[in-house]
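Undergrad: Handing you a structure now.
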Amino acid sequence: EPPGCRIGPLPGDVMPSLISLLGKRFGRVVVTARAGRVGRHAGWRVRCDCGAVFVARADSLRESRTKSCGCWKSARLIAVTTTHGGTGTVEHTAWRSMLNRCQGKHNYAAYASRGITVCARWRKFENFLADMGPRPSAKHSIDRVDNDKGYSPTNCRWATAGQQLRNTRRNVNLTWGNRTMCAKDWASERGIVYSTLLRRVRDGWSTARALGVA
């Protein structure tokens, strides 16, 4: 394991409730297995799209500080030191669509009126490409992690339709114990029909009762 990573707690450690990241994608990496702890943080073994395997901290993945094994940094360097020549590429199309959403009058209610804007840095395509990197696959599109904030390097990622569906303002999030997940994920985990779980919540059931744990 990389320096600083150890498997399992030391005597006297108190392990916090673990939110599973197994199978989730963050930038260019996909989580493949639990890997004990890195310092005081939960560690996860991840595989980069380039094939490299390494251990990353859970908080670093969730906060988008770890998006690759380092190969992304090389891609960013190339992007900012060369003429992009990207007109017509999927990344350039995504960038243009992002600008149009925030500037177009027909989208005013959903974006501009809510203060959803594109940061100054991303007004240049070269900077957008340097920060976001190439689109991982045809199933990915640009997504804002916090739907109440604008487009910027710290609030955007490439995400699949499924990931974006779980990130909409219409989504119902439920908290039980120390975990918060969308109702669809809770239904899958607890073996409850999704529509049944939603009906229980809308009927005023407590979260524990709706999830069948009380």
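By order of appearance in the structure tokens: chains A, B, ..., then residues from 1 within every chain, and ligands from 1 in the order shown.
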What are the closest atom pairs, with distances in Å to one decimal, for each residue of range 110-160 of chain A lying within 9 Å of range 18-32 of chain A, using only C-alpha atoms, rows by chain and rising residue number, as JSON lines?

TA:
```
{"residue": "A:Met132", "atom": "CA", "partner": "A:Gly27", "partner_atom": "CA", "distance": 8.2}
{"residue": "A:Gly133", "atom": "CA", "partner": "A:Gly27", "partner_atom": "CA", "distance": 8.6}
{"residue": "A:Pro136", "atom": "CA", "partner": "A:Arg28", "partner_atom": "CA", "distance": 6.8}
{"residue": "A:Arg157", "atom": "CA", "partner": "A:Gly27", "partner_atom": "CA", "distance": 6.5}
{"residue": "A:Trp158", "atom": "CA", "partner": "A:Gly27", "partner_atom": "CA", "distance": 6.5}
{"residue": "A:Ala159", "atom": "CA", "partner": "A:Arg25", "partner_atom": "CA", "distance": 8.2}
```

Undergrad: Give me a file of those residues, with C-alpha atoms, as a short mmCIF file (atom, residue, chain, number, x, y, z; two decimals), in the first residue's frame.

TA:
```cif
data_model
loop_
_atom_site.label_atom_id
_atom_site.label_comp_id
_atom_site.auth_asym_id
_atom_site.auth_seq_id
_atom_site.Cartn_x
_atom_site.Cartn_y
_atom_site.Cartn_z
CA MET A 132 -12.48 19.09 -16.95
CA GLY A 133 -10.30 16.96 -19.19
CA PRO A 136 -14.74 9.86 -20.20
CA ARG A 157 -17.75 16.91 -13.20
CA TRP A 158 -18.41 14.57 -16.09
CA ALA A 159 -21.33 12.38 -14.98
#
```

Undergrad: Show which residues sit within 10 Å of Trp186 in chain A, as a PyMOL selection string. Count only C-alpha atoms, and ignore same-chain residues fewer than 6 positions away.

TA: chain A and resi 173-176+180+192-194+197+211

Undergrad: For the selection you just gave me, I'd like the residues written to a file as a PDB file, in the first residue's frame, keeping N, CA, C and O atoms.

TA:
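Saved file part.pdb follows:
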```pdb
ATOM      1  N   ASN A 173     -34.103  13.185  -0.742  1.00  0.00           N
ATOM      2  CA  ASN A 173     -33.009  12.631   0.047  1.00  0.00           C
ATOM      3  C   ASN A 173     -33.517  12.259   1.438  1.00  0.00           C
ATOM      4  O   ASN A 173     -34.294  12.990   2.038  1.00  0.00           O
ATOM      5  N   LEU A 174     -33.071  11.100   1.918  1.00  0.00           N
ATOM      6  CA  LEU A 174     -33.474  10.621   3.238  1.00  0.00           C
ATOM      7  C   LEU A 174     -32.242  10.368   4.088  1.00  0.00           C
ATOM      8  O   LEU A 174     -31.241   9.855   3.591  1.00  0.00           O
ATOM      9  N   THR A 175     -32.330  10.728   5.352  1.00  0.00           N
ATOM     10  CA  THR A 175     -31.222  10.515   6.284  1.00  0.00           C
ATOM     11  C   THR A 175     -31.660   9.549   7.370  1.00  0.00           C
ATOM     12  O   THR A 175     -32.697   9.756   8.021  1.00  0.00           O
ATOM     13  N   TRP A 176     -30.860   8.500   7.556  1.00  0.00           N
ATOM     14  CA  TRP A 176     -31.106   7.551   8.640  1.00  0.00           C
ATOM     15  C   TRP A 176     -29.745   7.192   9.243  1.00  0.00           C
ATOM     16  O   TRP A 176     -28.813   6.861   8.517  1.00  0.00           O
ATOM     17  N   THR A 180     -26.937   9.757   4.422  1.00  0.00           N
ATOM     18  CA  THR A 180     -27.934  10.453   3.617  1.00  0.00           C
ATOM     19  C   THR A 180     -27.801   9.983   2.172  1.00  0.00           C
ATOM     20  O   THR A 180     -26.719  10.066   1.581  1.00  0.00           O
ATOM     21  N   ILE A 192     -37.028  -2.204  -1.172  1.00  0.00           N
ATOM     22  CA  ILE A 192     -38.371  -1.636  -1.175  1.00  0.00           C
ATOM     23  C   ILE A 192     -38.680  -1.074  -2.559  1.00  0.00           C
ATOM     24  O   ILE A 192     -37.804  -0.480  -3.200  1.00  0.00           O
ATOM     25  N   VAL A 193     -39.909  -1.269  -3.024  1.00  0.00           N
ATOM     26  CA  VAL A 193     -40.302  -0.676  -4.305  1.00  0.00           C
ATOM     27  C   VAL A 193     -40.205   0.843  -4.176  1.00  0.00           C
ATOM     28  O   VAL A 193     -40.706   1.424  -3.191  1.00  0.00           O
ATOM     29  N   TYR A 194     -39.560   1.478  -5.139  1.00  0.00           N
ATOM     30  CA  TYR A 194     -39.308   2.917  -5.068  1.00  0.00           C
ATOM     31  C   TYR A 194     -40.580   3.722  -4.865  1.00  0.00           C
ATOM     32  O   TYR A 194     -40.645   4.608  -4.012  1.00  0.00           O
ATOM     33  N   LEU A 197     -41.811   3.499  -1.295  1.00  0.00           N
ATOM     34  CA  LEU A 197     -41.043   4.321  -0.367  1.00  0.00           C
ATOM     35  C   LEU A 197     -41.452   5.783  -0.473  1.00  0.00           C
ATOM     36  O   LEU A 197     -41.634   6.469   0.544  1.00  0.00           O
ATOM     37  N   LEU A 211     -38.289   3.153   5.857  1.00  0.00           N
ATOM     38  CA  LEU A 211     -37.236   2.251   5.407  1.00  0.00           C
ATOM     39  C   LEU A 211     -37.372   0.849   5.995  1.00  0.00           C
ATOM     40  O   LEU A 211     -36.589  -0.031   5.662  1.00  0.00           O
TER      41      LEU A 211
END
```

Undergrad: When you count only C-alpha atoms, which of these residues is closest to Ser137 in chain A: A:Trp95, A:Ala161, A:Thr87, A:Arg114?

TA: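 Of all the options, A:Ala161 lies closest to Ser137 in chain A.
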
Undergrad: Please identify which residues in range 109-197 of chain A DSSP calls strand (DSSP E) from the backbone, and express them as a ChimeraX atom specification.

TA: /A:140-144,156-160,173-176,179-182

Undergrad: Pull the helix (DSSP H, G or I) assignments for range 141-207 of chain A out of DSSP run on the backbone, and list those residues as a list in words.

TA: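 Written out, the helix (DSSP H, G or I) residues of range 141-207 of chain A are Ala161, Gly162, Gln163, Gln164, Leu165, Ala183, Lys184, Asp185, Trp186, Ala187, Ser188, Glu189, Arg190, Tyr194, Ser195, Thr196, Leu197, Leu198, Arg199, Arg200, Val201, Arg202 and Thr207 of chain A.
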
Undergrad: Go through A:Ser64, A:Thr154, A:Asn100, A:Thr93 one by one, measure the shortest atom-to-atom distance of each to Arg135 in chain A using only C-alpha atoms, and give the residue with the smallest value.

TA: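 Selected residue with least distance to Arg135 in chain A: A:Thr93.
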
Undergrad: Residues at most 9 Å from Arg123 in chain A, counting only C-alpha atoms, excluding those fewer than 4 positions away in the same chain, as number ranges by chain?

TA: A: 95, 99, 118-119, 127-128

Undergrad: Could you write out that same residue set with C-alpha atoms as an mmCIF file, in the first residue's frame?

TA:
```cif
data_model
loop_
_atom_site.group_PDB
_atom_site.id
_atom_site.type_symbol
_atom_site.label_atom_id
_atom_site.label_comp_id
_atom_site.auth_asym_id
_atom_site.auth_seq_id
_atom_site.Cartn_x
_atom_site.Cartn_y
_atom_site.Cartn_z
ATOM 1 C CA TRP A 95 -18.750 23.990 -23.410
ATOM 2 C CA LEU A 99 -22.559 29.007 -22.059
ATOM 3 C CA VAL A 118 -20.234 30.338 -15.854
ATOM 4 C CA CYS A 119 -17.117 31.426 -13.963
ATOM 5 C CA ASN A 127 -9.388 26.629 -19.525
ATOM 6 C CA PHE A 128 -12.564 24.555 -19.459
#
```

Undergrad: Quick one: pull the distance between CA of Cys50 in chain A and CA of Asp146 in chain A, Å, one decimal.

TA: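 One can read the CA of Cys50 in chain A to CA of Asp146 in chain A distance as 27.9 Å.
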
Undergrad: Quick one: pull the distance between CA of Ala56 in chain A and CA of Ala42 in chain A, Å, one decimal.

TA: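 Distance between the two atoms: 8.5 Å.
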
Undergrad: I'd like the interatomic distance between CA of Tyr108 in chain A and CA of Thr89 in chain A, to a tenth of an Å.

TA: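 Between CA of Tyr108 in chain A and CA of Thr89 in chain A the gap works out to 26.5 Å.
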
Undergrad: I'd like to know which of A:Ala94, A:Ala187, A:Val38, A:Cys69 is closest to Ala52 in chain A, using only C-alpha atoms.

TA: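 Between A:Ala94, A:Ala187, A:Val38, A:Cys69, the residue approaching Ala52 in chain A most closely is A:Cys69.
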
Undergrad: Smallest atom-to-atom distance to Ala112 in chain A: which of A:Gly150, A:Gly43, A:Gly88, A:Gly162, using only C-alpha atoms?

TA: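 Residue with the minimum atom-to-atom distance to Ala112 in chain A: A:Gly150.
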
Undergrad: List as an NGL selection string the protein and nucleic acid residues near Phe125 in chain A, meaning an atom at most 9 Å away when only C-alpha atoms are counted, but skip any in the same chain fewer than 3 places from it.

TA: :A and (84 or 86 or 91-92 or 95-96 or 121-122 or 128-130)

Undergrad: Go ahead and save the residues from that selection, with C-alpha atoms, as a compact mmCIF listing (two decimals), in the first residue's frame.

TA:
```
# COMPACT_ATOMS: atom_id res chain seq x y z
CA HIS A 84 -7.14 23.90 -28.58
CA GLY A 86 -11.35 21.74 -30.45
CA GLU A 91 -15.94 18.77 -25.25
CA HIS A 92 -16.31 21.98 -27.25
CA TRP A 95 -18.75 23.99 -23.41
CA ARG A 96 -20.86 25.94 -25.91
CA ARG A 121 -12.06 31.31 -16.14
CA TRP A 122 -14.36 29.06 -18.15
CA PHE A 128 -12.56 24.56 -19.46
CA LEU A 129 -10.81 21.66 -21.19
CA ALA A 130 -7.79 21.96 -18.91
```
